[in-house]
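Student: So that you have it, the file is model25.cif, and it contains mmCIF, N, CA and C atoms:
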data_model
loop_
_atom_site.label_atom_id
_atom_site.label_comp_id
_atom_site.auth_asym_id
_atom_site.auth_seq_id
_atom_site.Cartn_x
_atom_site.Cartn_y
_atom_site.Cartn_z
N MET A 1 -46.40 59.27 16.77
CA MET A 1 -45.82 58.13 17.45
C MET A 1 -44.33 58.10 17.13
N SER A 2 -43.50 58.03 18.14
CA SER A 2 -42.05 58.04 17.95
C SER A 2 -41.56 56.63 17.61
N ARG A 3 -40.39 56.59 16.98
CA ARG A 3 -39.85 55.28 16.62
C ARG A 3 -39.14 54.66 17.81
N LYS A 4 -38.97 53.34 17.74
CA LYS A 4 -38.35 52.61 18.84
C LYS A 4 -36.85 52.91 18.89
N LYS A 5 -36.30 52.91 20.08
CA LYS A 5 -34.87 53.08 20.26
C LYS A 5 -34.15 51.82 19.80
N ALA A 6 -32.98 51.99 19.24
CA ALA A 6 -32.19 50.86 18.78
C ALA A 6 -31.66 50.08 19.97
N ALA A 7 -31.66 48.76 19.84
CA ALA A 7 -31.20 47.91 20.94
C ALA A 7 -29.69 48.00 21.09
N ASN A 8 -28.96 48.05 19.97
CA ASN A 8 -27.51 48.09 20.01
C ASN A 8 -27.05 49.38 19.33
N LEU A 9 -26.58 50.33 20.11
CA LEU A 9 -26.19 51.62 19.57
C LEU A 9 -24.95 51.52 18.69
N GLY A 10 -24.17 50.46 18.82
CA GLY A 10 -22.96 50.30 18.02
C GLY A 10 -23.25 49.97 16.57
N THR A 11 -24.46 49.54 16.25
CA THR A 11 -24.80 49.19 14.88
C THR A 11 -25.45 50.32 14.10
N LEU A 12 -25.69 51.45 14.76
CA LEU A 12 -26.31 52.58 14.08
C LEU A 12 -25.33 53.23 13.12
N LEU A 13 -25.82 53.66 11.98
CA LEU A 13 -24.99 54.33 10.99
C LEU A 13 -25.07 55.84 11.23
N ILE A 14 -24.17 56.35 12.07
CA ILE A 14 -24.27 57.75 12.45
C ILE A 14 -23.10 58.59 11.94
N CYS A 15 -22.03 57.97 11.46
CA CYS A 15 -20.86 58.70 10.99
C CYS A 15 -20.86 58.74 9.46
N PRO A 16 -21.05 59.92 8.88
CA PRO A 16 -21.09 60.00 7.41
C PRO A 16 -19.68 59.96 6.81
N VAL A 17 -19.58 59.32 5.64
CA VAL A 17 -18.34 59.28 4.87
C VAL A 17 -18.70 59.75 3.47
N ARG A 18 -18.02 60.81 3.02
CA ARG A 18 -18.29 61.33 1.69
C ARG A 18 -17.01 61.26 0.89
N THR A 19 -17.10 60.81 -0.33
CA THR A 19 -15.93 60.73 -1.19
C THR A 19 -16.36 60.83 -2.63
N ARG A 20 -15.42 61.14 -3.47
CA ARG A 20 -15.67 61.19 -4.91
C ARG A 20 -14.90 60.06 -5.55
N VAL A 21 -15.50 59.47 -6.58
CA VAL A 21 -14.85 58.39 -7.30
C VAL A 21 -14.88 58.69 -8.79
N THR A 22 -14.06 57.98 -9.54
CA THR A 22 -14.06 58.15 -10.99
C THR A 22 -15.29 57.49 -11.60
N GLN A 23 -15.54 57.80 -12.85
CA GLN A 23 -16.70 57.23 -13.52
C GLN A 23 -16.58 55.71 -13.64
N THR A 24 -15.38 55.19 -13.88
CA THR A 24 -15.22 53.73 -13.99
C THR A 24 -15.48 53.05 -12.65
N THR A 25 -15.02 53.66 -11.56
CA THR A 25 -15.29 53.10 -10.22
C THR A 25 -16.78 53.16 -9.93
N TRP A 26 -17.42 54.25 -10.29
CA TRP A 26 -18.87 54.38 -10.09
C TRP A 26 -19.62 53.30 -10.87
N ASN A 27 -19.19 53.06 -12.12
CA ASN A 27 -19.83 52.03 -12.95
C ASN A 27 -19.66 50.65 -12.31
N LYS A 28 -18.46 50.38 -11.75
CA LYS A 28 -18.24 49.09 -11.08
C LYS A 28 -19.17 48.95 -9.87
N LEU A 29 -19.29 50.03 -9.10
CA LEU A 29 -20.18 50.00 -7.92
C LEU A 29 -21.63 49.80 -8.34
N GLU A 30 -22.05 50.47 -9.42
CA GLU A 30 -23.43 50.30 -9.91
C GLU A 30 -23.67 48.86 -10.37
N LYS A 31 -22.68 48.29 -11.06
CA LYS A 31 -22.81 46.91 -11.53
C LYS A 31 -22.93 45.95 -10.34
N LEU A 32 -22.09 46.16 -9.32
CA LEU A 32 -22.17 45.33 -8.11
C LEU A 32 -23.53 45.48 -7.43
N GLN A 33 -24.03 46.70 -7.39
CA GLN A 33 -25.32 46.95 -6.75
C GLN A 33 -26.46 46.25 -7.49
N GLN A 34 -26.41 46.26 -8.82
CA GLN A 34 -27.47 45.62 -9.60
C GLN A 34 -27.41 44.10 -9.51
N GLU A 35 -26.21 43.53 -9.42
CA GLU A 35 -26.06 42.08 -9.38
C GLU A 35 -26.26 41.50 -7.98
N SER A 36 -26.17 42.34 -6.97
CA SER A 36 -26.28 41.85 -5.60
C SER A 36 -27.65 42.20 -5.03
N GLY A 37 -27.82 41.89 -3.78
CA GLY A 37 -29.08 42.20 -3.10
C GLY A 37 -29.06 43.57 -2.44
N CYS A 38 -28.06 44.38 -2.73
CA CYS A 38 -27.94 45.70 -2.10
C CYS A 38 -28.97 46.66 -2.70
N GLN A 39 -29.47 47.56 -1.86
CA GLN A 39 -30.51 48.50 -2.29
C GLN A 39 -29.94 49.73 -2.98
N ASN A 40 -28.73 50.15 -2.59
CA ASN A 40 -28.16 51.36 -3.17
C ASN A 40 -26.64 51.28 -3.16
N ILE A 41 -25.99 52.28 -3.77
CA ILE A 41 -24.54 52.31 -3.88
C ILE A 41 -23.89 52.46 -2.50
N GLY A 42 -24.52 53.22 -1.62
CA GLY A 42 -23.99 53.39 -0.28
C GLY A 42 -23.87 52.07 0.47
N GLU A 43 -24.85 51.22 0.30
CA GLU A 43 -24.80 49.91 0.96
C GLU A 43 -23.66 49.06 0.41
N VAL A 44 -23.43 49.13 -0.90
CA VAL A 44 -22.31 48.41 -1.50
C VAL A 44 -21.00 48.92 -0.93
N ALA A 45 -20.86 50.25 -0.85
CA ALA A 45 -19.63 50.84 -0.32
C ALA A 45 -19.42 50.44 1.14
N ARG A 46 -20.48 50.44 1.95
CA ARG A 46 -20.37 50.01 3.36
C ARG A 46 -19.89 48.58 3.46
N MET A 47 -20.43 47.71 2.61
CA MET A 47 -20.05 46.30 2.66
C MET A 47 -18.59 46.12 2.25
N ILE A 48 -18.15 46.89 1.25
CA ILE A 48 -16.75 46.80 0.83
C ILE A 48 -15.83 47.32 1.94
N LEU A 49 -16.18 48.45 2.53
CA LEU A 49 -15.34 49.04 3.58
C LEU A 49 -15.26 48.18 4.84
N SER A 50 -16.34 47.45 5.13
CA SER A 50 -16.34 46.62 6.34
C SER A 50 -15.95 45.17 6.04
N ASP A 51 -15.42 44.90 4.85
CA ASP A 51 -14.95 43.57 4.45
C ASP A 51 -16.04 42.50 4.57
N GLN A 52 -17.28 42.88 4.29
CA GLN A 52 -18.37 41.90 4.28
C GLN A 52 -18.48 41.29 2.89
N GLN A 53 -19.01 40.10 2.85
CA GLN A 53 -19.18 39.40 1.58
C GLN A 53 -20.39 39.97 0.84
N ILE A 54 -20.22 40.19 -0.46
CA ILE A 54 -21.31 40.65 -1.31
C ILE A 54 -21.73 39.48 -2.19
N ASN A 55 -22.96 39.03 -2.04
CA ASN A 55 -23.47 37.92 -2.84
C ASN A 55 -24.11 38.47 -4.11
N CYS A 56 -23.61 38.01 -5.24
CA CYS A 56 -24.15 38.43 -6.53
C CYS A 56 -25.02 37.31 -7.08
N PHE A 57 -26.10 37.70 -7.75
CA PHE A 57 -27.06 36.76 -8.30
C PHE A 57 -27.06 36.88 -9.82
N TYR A 58 -26.89 35.76 -10.50
CA TYR A 58 -26.88 35.75 -11.96
C TYR A 58 -28.01 34.86 -12.46
N LYS A 59 -28.60 35.24 -13.58
CA LYS A 59 -29.70 34.49 -14.15
C LYS A 59 -29.26 33.90 -15.48
N ASP A 60 -29.46 32.60 -15.64
CA ASP A 60 -29.13 31.92 -16.88
C ASP A 60 -30.36 31.91 -17.77
N VAL A 61 -30.31 32.66 -18.86
CA VAL A 61 -31.47 32.81 -19.74
C VAL A 61 -31.75 31.52 -20.49
N SER A 62 -30.73 30.67 -20.68
CA SER A 62 -30.93 29.43 -21.43
C SER A 62 -31.84 28.45 -20.70
N LEU A 63 -32.09 28.69 -19.41
CA LEU A 63 -32.97 27.80 -18.64
C LEU A 63 -34.44 28.20 -18.71
N ASN A 64 -34.75 29.32 -19.33
CA ASN A 64 -36.14 29.79 -19.37
C ASN A 64 -37.07 28.79 -20.04
N ALA A 65 -36.71 28.30 -21.21
CA ALA A 65 -37.59 27.38 -21.95
C ALA A 65 -37.81 26.06 -21.19
N PRO A 66 -36.75 25.38 -20.72
CA PRO A 66 -36.99 24.15 -19.96
C PRO A 66 -37.80 24.37 -18.69
N MET A 67 -37.58 25.50 -18.01
CA MET A 67 -38.33 25.77 -16.79
C MET A 67 -39.80 26.01 -17.10
N GLU A 68 -40.10 26.67 -18.21
CA GLU A 68 -41.49 26.88 -18.59
C GLU A 68 -42.16 25.55 -18.93
N GLU A 69 -41.41 24.68 -19.65
CA GLU A 69 -41.95 23.36 -19.97
C GLU A 69 -42.26 22.57 -18.70
N MET A 70 -41.32 22.59 -17.77
CA MET A 70 -41.52 21.84 -16.52
C MET A 70 -42.67 22.42 -15.71
N ALA A 71 -42.85 23.73 -15.74
CA ALA A 71 -43.97 24.35 -15.02
C ALA A 71 -45.30 23.92 -15.64
N LEU A 72 -45.36 23.86 -16.97
CA LEU A 72 -46.59 23.41 -17.63
C LEU A 72 -46.89 21.94 -17.32
N ILE A 73 -45.84 21.12 -17.35
CA ILE A 73 -46.04 19.70 -17.03
C ILE A 73 -46.49 19.54 -15.59
N ARG A 74 -45.93 20.33 -14.69
CA ARG A 74 -46.35 20.28 -13.28
C ARG A 74 -47.82 20.64 -13.14
N LYS A 75 -48.25 21.66 -13.88
CA LYS A 75 -49.65 22.07 -13.83
C LYS A 75 -50.56 20.95 -14.35
N GLU A 76 -50.13 20.32 -15.46
CA GLU A 76 -50.93 19.22 -16.02
C GLU A 76 -50.98 18.04 -15.06
N LEU A 77 -49.85 17.72 -14.44
CA LEU A 77 -49.83 16.61 -13.48
C LEU A 77 -50.74 16.88 -12.28
N LYS A 78 -50.76 18.13 -11.85
CA LYS A 78 -51.64 18.50 -10.74
C LYS A 78 -53.10 18.31 -11.13
N ALA A 79 -53.46 18.73 -12.35
CA ALA A 79 -54.84 18.55 -12.82
C ALA A 79 -55.20 17.07 -12.95
N ILE A 80 -54.25 16.27 -13.46
CA ILE A 80 -54.50 14.83 -13.58
C ILE A 80 -54.67 14.21 -12.20
N GLY A 81 -53.88 14.64 -11.24
CA GLY A 81 -54.00 14.13 -9.87
C GLY A 81 -55.36 14.45 -9.27
N ILE A 82 -55.86 15.65 -9.53
CA ILE A 82 -57.19 16.02 -9.03
C ILE A 82 -58.25 15.11 -9.67
N ASN A 83 -58.10 14.86 -10.98
CA ASN A 83 -59.06 13.98 -11.66
C ASN A 83 -59.00 12.56 -11.10
N ILE A 84 -57.79 12.08 -10.80
CA ILE A 84 -57.66 10.73 -10.23
C ILE A 84 -58.34 10.68 -8.87
N ASN A 85 -58.17 11.71 -8.06
CA ASN A 85 -58.84 11.74 -6.75
C ASN A 85 -60.36 11.72 -6.90
N GLN A 86 -60.87 12.47 -7.88
CA GLN A 86 -62.32 12.47 -8.11
C GLN A 86 -62.81 11.10 -8.57
N GLN A 87 -62.05 10.47 -9.47
CA GLN A 87 -62.44 9.14 -9.95
C GLN A 87 -62.42 8.13 -8.81
N THR A 88 -61.43 8.24 -7.94
CA THR A 88 -61.34 7.33 -6.79
C THR A 88 -62.53 7.53 -5.87
N LYS A 89 -62.92 8.77 -5.66
CA LYS A 89 -64.08 9.05 -4.81
C LYS A 89 -65.33 8.44 -5.42
N PHE A 90 -65.52 8.65 -6.73
CA PHE A 90 -66.70 8.08 -7.39
C PHE A 90 -66.67 6.56 -7.37
N PHE A 91 -65.47 5.98 -7.48
CA PHE A 91 -65.33 4.52 -7.42
C PHE A 91 -65.83 4.01 -6.07
N HIS A 92 -65.44 4.68 -4.99
CA HIS A 92 -65.84 4.21 -3.67
C HIS A 92 -67.32 4.49 -3.37
N LEU A 93 -67.90 5.48 -4.04
CA LEU A 93 -69.31 5.78 -3.84
C LEU A 93 -70.24 4.93 -4.72
N SER A 94 -69.68 4.32 -5.76
CA SER A 94 -70.53 3.56 -6.68
C SER A 94 -71.04 2.28 -6.02
N LYS A 95 -72.23 1.89 -6.44
CA LYS A 95 -72.90 0.75 -5.80
C LYS A 95 -72.82 -0.53 -6.63
N THR A 96 -72.72 -0.41 -7.93
CA THR A 96 -72.71 -1.60 -8.77
C THR A 96 -71.30 -1.89 -9.28
N GLU A 97 -71.10 -3.13 -9.70
CA GLU A 97 -69.81 -3.54 -10.24
C GLU A 97 -69.53 -2.86 -11.57
N ALA A 98 -70.56 -2.60 -12.36
CA ALA A 98 -70.38 -1.96 -13.65
C ALA A 98 -69.85 -0.53 -13.48
N GLN A 99 -70.40 0.17 -12.51
CA GLN A 99 -69.92 1.52 -12.23
C GLN A 99 -68.48 1.50 -11.75
N ARG A 100 -68.16 0.54 -10.89
CA ARG A 100 -66.79 0.44 -10.38
C ARG A 100 -65.82 0.12 -11.51
N ALA A 101 -66.21 -0.76 -12.40
CA ALA A 101 -65.34 -1.10 -13.53
C ALA A 101 -65.12 0.14 -14.42
N PHE A 102 -66.20 0.90 -14.63
CA PHE A 102 -66.11 2.11 -15.45
C PHE A 102 -65.11 3.10 -14.85
N TYR A 103 -65.21 3.35 -13.54
CA TYR A 103 -64.31 4.29 -12.89
C TYR A 103 -62.88 3.74 -12.80
N ALA A 104 -62.74 2.45 -12.67
CA ALA A 104 -61.41 1.85 -12.63
C ALA A 104 -60.72 2.02 -13.99
N ILE A 105 -61.45 1.84 -15.07
CA ILE A 105 -60.87 2.01 -16.41
C ILE A 105 -60.48 3.46 -16.66
N ARG A 106 -61.36 4.38 -16.25
CA ARG A 106 -61.05 5.81 -16.42
C ARG A 106 -59.82 6.21 -15.60
N THR A 107 -59.71 5.67 -14.38
CA THR A 107 -58.56 5.98 -13.54
C THR A 107 -57.28 5.40 -14.15
N ALA A 108 -57.37 4.20 -14.71
CA ALA A 108 -56.20 3.59 -15.37
C ALA A 108 -55.74 4.45 -16.55
N ASP A 109 -56.68 5.01 -17.30
CA ASP A 109 -56.32 5.89 -18.42
C ASP A 109 -55.59 7.15 -17.91
N LEU A 110 -56.06 7.67 -16.79
CA LEU A 110 -55.40 8.85 -16.22
C LEU A 110 -53.98 8.52 -15.77
N TYR A 111 -53.78 7.32 -15.21
CA TYR A 111 -52.44 6.91 -14.81
C TYR A 111 -51.51 6.79 -16.02
N LYS A 112 -52.05 6.38 -17.17
CA LYS A 112 -51.24 6.31 -18.39
C LYS A 112 -50.79 7.71 -18.80
N LEU A 113 -51.66 8.70 -18.62
CA LEU A 113 -51.28 10.08 -18.91
C LEU A 113 -50.14 10.54 -18.00
N VAL A 114 -50.22 10.12 -16.74
CA VAL A 114 -49.16 10.49 -15.80
C VAL A 114 -47.82 9.91 -16.26
N GLY A 115 -47.85 8.67 -16.72
CA GLY A 115 -46.62 8.03 -17.20
C GLY A 115 -46.00 8.80 -18.36
N GLY A 116 -46.83 9.29 -19.28
CA GLY A 116 -46.33 10.06 -20.40
C GLY A 116 -45.71 11.38 -19.95
N LYS A 117 -46.35 12.04 -19.00
CA LYS A 117 -45.83 13.32 -18.50
C LYS A 117 -44.52 13.11 -17.75
N VAL A 118 -44.42 12.02 -17.02
CA VAL A 118 -43.17 11.72 -16.31
C VAL A 118 -42.04 11.47 -17.31
N GLU A 119 -42.33 10.81 -18.41
CA GLU A 119 -41.33 10.60 -19.45
C GLU A 119 -40.86 11.93 -20.03
N GLU A 120 -41.79 12.87 -20.27
CA GLU A 120 -41.41 14.19 -20.75
C GLU A 120 -40.49 14.89 -19.75
N LEU A 121 -40.84 14.80 -18.48
CA LEU A 121 -40.00 15.41 -17.44
C LEU A 121 -38.61 14.81 -17.43
N LEU A 122 -38.52 13.50 -17.55
CA LEU A 122 -37.22 12.84 -17.53
C LEU A 122 -36.36 13.25 -18.72
N THR A 123 -36.95 13.43 -19.89
CA THR A 123 -36.16 13.87 -21.05
C THR A 123 -35.64 15.29 -20.83
N ILE A 124 -36.47 16.17 -20.26
CA ILE A 124 -36.02 17.53 -19.99
C ILE A 124 -34.89 17.52 -18.96
N ILE A 125 -35.05 16.72 -17.92
CA ILE A 125 -34.02 16.65 -16.88
C ILE A 125 -32.73 16.07 -17.44
N ASN A 126 -32.83 15.09 -18.33
CA ASN A 126 -31.63 14.53 -18.95
C ASN A 126 -30.90 15.57 -19.80
N ARG A 127 -31.67 16.40 -20.55
CA ARG A 127 -31.04 17.47 -21.33
C ARG A 127 -30.32 18.46 -20.42
N LEU A 128 -30.96 18.81 -19.30
CA LEU A 128 -30.32 19.73 -18.35
C LEU A 128 -29.09 19.10 -17.72
N ALA A 129 -29.15 17.83 -17.41
CA ALA A 129 -28.01 17.14 -16.81
C ALA A 129 -26.83 17.08 -17.78
N GLU A 130 -27.11 16.86 -19.07
CA GLU A 130 -26.04 16.84 -20.06
C GLU A 130 -25.35 18.20 -20.14
N LYS A 131 -26.12 19.26 -20.01
CA LYS A 131 -25.57 20.61 -20.11
C LYS A 131 -24.80 20.98 -18.86
N TRP A 132 -25.37 20.73 -17.67
CA TRP A 132 -24.80 21.23 -16.43
C TRP A 132 -23.94 20.22 -15.69
N LEU A 133 -24.12 18.94 -15.99
CA LEU A 133 -23.32 17.90 -15.33
C LEU A 133 -22.66 17.03 -16.39
N PRO A 134 -21.68 17.53 -17.10
CA PRO A 134 -21.13 16.80 -18.25
C PRO A 134 -20.45 15.48 -17.88
N GLY A 135 -19.94 15.32 -16.67
CA GLY A 135 -19.25 14.11 -16.28
C GLY A 135 -20.15 12.98 -15.84
N SER A 136 -21.43 13.24 -15.63
CA SER A 136 -22.30 12.20 -15.08
C SER A 136 -23.03 11.44 -16.14
#
Have the structure of the file written as structure tokens, please.

Tutor:
Amino acid sequence: MSRKKAANLGTLLICPVRTRVTQTTWNKLEKLQQESGCQNIGEVARMILSDQQINCFYKDVSLNAPMEEMALIRKELKAIGININQQTKFFHLSKTEAQRAFYAIRTADLYKLVGGKVEELLTIINRLAEKWLPGS
């Protein structure tokens, strides 16, 4: 099966350019390639030659611990929400007042857990805001 013809022949990369660079220039190109979304050094060189913007991505390692904490809290909140939905279902299915009171008390306890988790989230967010938004 043959490949499809290109819609715009002007965008095809058909003219080769070969050049030699120094080791320091090569290292700079490699660094740009690793920090950006480019797949190889040739793509970096094409973007530089055609005056296109190269977007570099940096990762802040200091955010790993707070992000892991927030992910765990999110998981716990999701589990608590599922439990609240189950308790609400049982509350509506119950026939006696005693059963309804029992499920209402259990649901209230779950809501207290949610309040504690929200407080944990707010403290983490405040720490992040102090670090990244010093003027606020």

Student: Could you name the residues that touch Lys75 in chain A at 12 Å or less, counting only C-alpha atoms, but leaving out those on the same chain fewer than 6 positions away, as a CSV table (one decimal) with N, CA and C atoms, in the frame of the given file?

Tutor:
chain,number,residue,atom,x,y,z
A,68,GLU,N,-40.1,26.7,-18.2
A,68,GLU,CA,-41.5,26.9,-18.6
A,68,GLU,C,-42.2,25.6,-18.9
A,69,GLU,N,-41.4,24.7,-19.6
A,69,GLU,CA,-42.0,23.4,-20.0
A,69,GLU,C,-42.3,22.6,-18.7
A,81,GLY,N,-53.9,14.6,-11.2
A,81,GLY,CA,-54.0,14.1,-9.9
A,81,GLY,C,-55.4,14.4,-9.3
A,82,ILE,N,-55.9,15.6,-9.5
A,82,ILE,CA,-57.2,16.0,-9.0
A,82,ILE,C,-58.2,15.1,-9.7
A,114,VAL,N,-50.2,10.1,-16.7
A,114,VAL,CA,-49.2,10.5,-15.8
A,114,VAL,C,-47.8,9.9,-16.3
A,117,LYS,N,-46.4,12.0,-19.0
A,117,LYS,CA,-45.8,13.3,-18.5
A,117,LYS,C,-44.5,13.1,-17.8

Student: Using only C-alpha atoms, find the one residue out of A:Ile41, A:Ile73, A:Ala98, A:Leu32 that sits nearest to Tyr58 in chain A.

Tutor: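 The shortest atom-to-atom distance to Tyr58 in chain A comes from A:Leu32.
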
Student: Have a look at CA of Leu49 in chain A and atom N of Leu13 in chain A and let me know their distance in Å, one decimal.

Tutor: 14.2 Å

Student: Would you compute the distance between atom C of Cys38 in chain A and atom N of Phe57 in chain A? Give it in Å to one decimal.

Tutor: 10.7 Å

Student: If DSSP is run on the backbone, what residues of chain A are helix (DSSP H, G or I)? A reply as a PyMOL selection string would be ideal.

Tutor: chain A and resi 9-11+23-35+41-49+61-93+97-132

Student: For the file shown, report as a PyMOL selection string the outcome of the PyMOL selection byres ((chain A and resi 54) around 8) at residue level.

Tutor: chain A and resi 35-38+44+47-48+51-53+55-57

Student: Store the residues picked out above in a file with N, CA and C atoms, as a PDB file, keeping the file's coordinate frame.

Tutor:
ATOM      1  N   GLU A  35     -26.210  43.530  -9.420  1.00  0.00           N
ATOM      2  CA  GLU A  35     -26.060  42.080  -9.380  1.00  0.00           C
ATOM      3  C   GLU A  35     -26.260  41.500  -7.980  1.00  0.00           C
ATOM      4  N   SER A  36     -26.170  42.340  -6.970  1.00  0.00           N
ATOM      5  CA  SER A  36     -26.280  41.850  -5.600  1.00  0.00           C
ATOM      6  C   SER A  36     -27.650  42.200  -5.030  1.00  0.00           C
ATOM      7  N   GLY A  37     -27.820  41.890  -3.780  1.00  0.00           N
ATOM      8  CA  GLY A  37     -29.080  42.200  -3.100  1.00  0.00           C
ATOM      9  C   GLY A  37     -29.060  43.570  -2.440  1.00  0.00           C
ATOM     10  N   CYS A  38     -28.060  44.380  -2.730  1.00  0.00           N
ATOM     11  CA  CYS A  38     -27.940  45.700  -2.100  1.00  0.00           C
ATOM     12  C   CYS A  38     -28.970  46.660  -2.700  1.00  0.00           C
ATOM     13  N   VAL A  44     -23.430  49.130  -0.900  1.00  0.00           N
ATOM     14  CA  VAL A  44     -22.310  48.410  -1.500  1.00  0.00           C
ATOM     15  C   VAL A  44     -21.000  48.920  -0.930  1.00  0.00           C
ATOM     16  N   MET A  47     -20.430  47.710   2.610  1.00  0.00           N
ATOM     17  CA  MET A  47     -20.050  46.300   2.660  1.00  0.00           C
ATOM     18  C   MET A  47     -18.590  46.120   2.250  1.00  0.00           C
ATOM     19  N   ILE A  48     -18.150  46.890   1.250  1.00  0.00           N
ATOM     20  CA  ILE A  48     -16.750  46.800   0.830  1.00  0.00           C
ATOM     21  C   ILE A  48     -15.830  47.320   1.940  1.00  0.00           C
ATOM     22  N   ASP A  51     -15.420  44.900   4.850  1.00  0.00           N
ATOM     23  CA  ASP A  51     -14.950  43.570   4.450  1.00  0.00           C
ATOM     24  C   ASP A  51     -16.040  42.500   4.570  1.00  0.00           C
ATOM     25  N   GLN A  52     -17.280  42.880   4.290  1.00  0.00           N
ATOM     26  CA  GLN A  52     -18.370  41.900   4.280  1.00  0.00           C
ATOM     27  C   GLN A  52     -18.480  41.290   2.890  1.00  0.00           C
ATOM     28  N   GLN A  53     -19.010  40.100   2.850  1.00  0.00           N
ATOM     29  CA  GLN A  53     -19.180  39.400   1.580  1.00  0.00           C
ATOM     30  C   GLN A  53     -20.390  39.970   0.840  1.00  0.00           C
ATOM     31  N   ASN A  55     -22.960  39.030  -2.040  1.00  0.00           N
ATOM     32  CA  ASN A  55     -23.470  37.920  -2.840  1.00  0.00           C
ATOM     33  C   ASN A  55     -24.110  38.470  -4.110  1.00  0.00           C
ATOM     34  N   CYS A  56     -23.610  38.010  -5.240  1.00  0.00           N
ATOM     35  CA  CYS A  56     -24.150  38.430  -6.530  1.00  0.00           C
ATOM     36  C   CYS A  56     -25.020  37.310  -7.080  1.00  0.00           C
ATOM     37  N   PHE A  57     -26.100  37.700  -7.750  1.00  0.00           N
ATOM     38  CA  PHE A  57     -27.060  36.760  -8.300  1.00  0.00           C
ATOM     39  C   PHE A  57     -27.060  36.880  -9.820  1.00  0.00           C
TER      40      PHE A  57
END

Student: Using only C-alpha atoms, what residues lie at most 12 Å away from (-24.2, 57.8, 7.1) (file coordinates), given as a PyMOL selection string?

Tutor: chain A and resi 11-18+42-43+45-46

Student: Name the residues in contact with Tyr103 in chain A at a cut-off of 7 Å, using all atoms listed in the file, excluding same-chain residues fewer than 4 positions from it; report them as an mmCIF file with N, CA and C atoms, in the frame of the given file.

Tutor:
data_model
loop_
_atom_site.group_PDB
_atom_site.id
_atom_site.type_symbol
_atom_site.label_atom_id
_atom_site.label_comp_id
_atom_site.auth_asym_id
_atom_site.auth_seq_id
_atom_site.Cartn_x
_atom_site.Cartn_y
_atom_site.Cartn_z
ATOM 1 N N GLN A 87 -62.050 10.470 -9.470
ATOM 2 C CA GLN A 87 -62.440 9.140 -9.950
ATOM 3 C C GLN A 87 -62.420 8.130 -8.810
ATOM 4 N N THR A 88 -61.430 8.240 -7.940
ATOM 5 C CA THR A 88 -61.340 7.330 -6.790
ATOM 6 C C THR A 88 -62.530 7.530 -5.870
ATOM 7 N N PHE A 90 -65.520 8.650 -6.730
ATOM 8 C CA PHE A 90 -66.700 8.080 -7.390
ATOM 9 C C PHE A 90 -66.670 6.560 -7.370
ATOM 10 N N PHE A 91 -65.470 5.980 -7.480
ATOM 11 C CA PHE A 91 -65.330 4.520 -7.420
ATOM 12 C C PHE A 91 -65.830 4.010 -6.070
ATOM 13 N N ALA A 98 -70.560 -2.600 -12.360
ATOM 14 C CA ALA A 98 -70.380 -1.960 -13.650
ATOM 15 C C ALA A 98 -69.850 -0.530 -13.480
ATOM 16 N N GLN A 99 -70.400 0.170 -12.510
ATOM 17 C CA GLN A 99 -69.920 1.520 -12.230
ATOM 18 C C GLN A 99 -68.480 1.500 -11.750
ATOM 19 N N THR A 107 -59.710 5.670 -14.380
ATOM 20 C CA THR A 107 -58.560 5.980 -13.540
ATOM 21 C C THR A 107 -57.280 5.400 -14.150
ATOM 22 N N ALA A 108 -57.370 4.200 -14.710
ATOM 23 C CA ALA A 108 -56.200 3.590 -15.370
ATOM 24 C C ALA A 108 -55.740 4.450 -16.550
#

Student: Give me the residues within 7 Å of range 59-67 of chain A as number ranges by chain, counting all atoms listed in the file and dropping any in the same chain fewer than 4 places off.

Tutor: A: 71-72, 124

Student: To one decimal place in Å, what is the distance between CA of Ala79 in chain A and CA of Leu122 in chain A?

Tutor: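 These atoms are spaced 19.1 Å apart.
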
Student: Calculated over only C-alpha atoms, which of the candidates A:Ser2, A:Leu29, A:Lys131, A:Leu113 has the smallest distance to Glu76 in chain A?

Tutor: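 The closest residue to Glu76 in chain A is A:Leu113.
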
Student: Rank A:Leu133, A:Val21, A:Leu128, A:Leu110 by their smallest atom-to-atom distance to Ile84 in chain A, using only N, CA and C atoms, and report the top residue only.

Tutor: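 Between A:Leu133, A:Val21, A:Leu128, A:Leu110, the residue approaching Ile84 in chain A most closely is A:Leu110.
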
Student: Could you work out an axis-aligned bounding box for all listed atoms of range 90-105 of chain A, with 8 Å added on each of the six sides, and give its centre and edge lengths in Å to one decimal, as JSON?

Tutor:
{"center_x": -66.7, "center_y": 2.6, "center_z": -10.0, "size_x": 28.4, "size_y": 28.2, "size_z": 29.3}
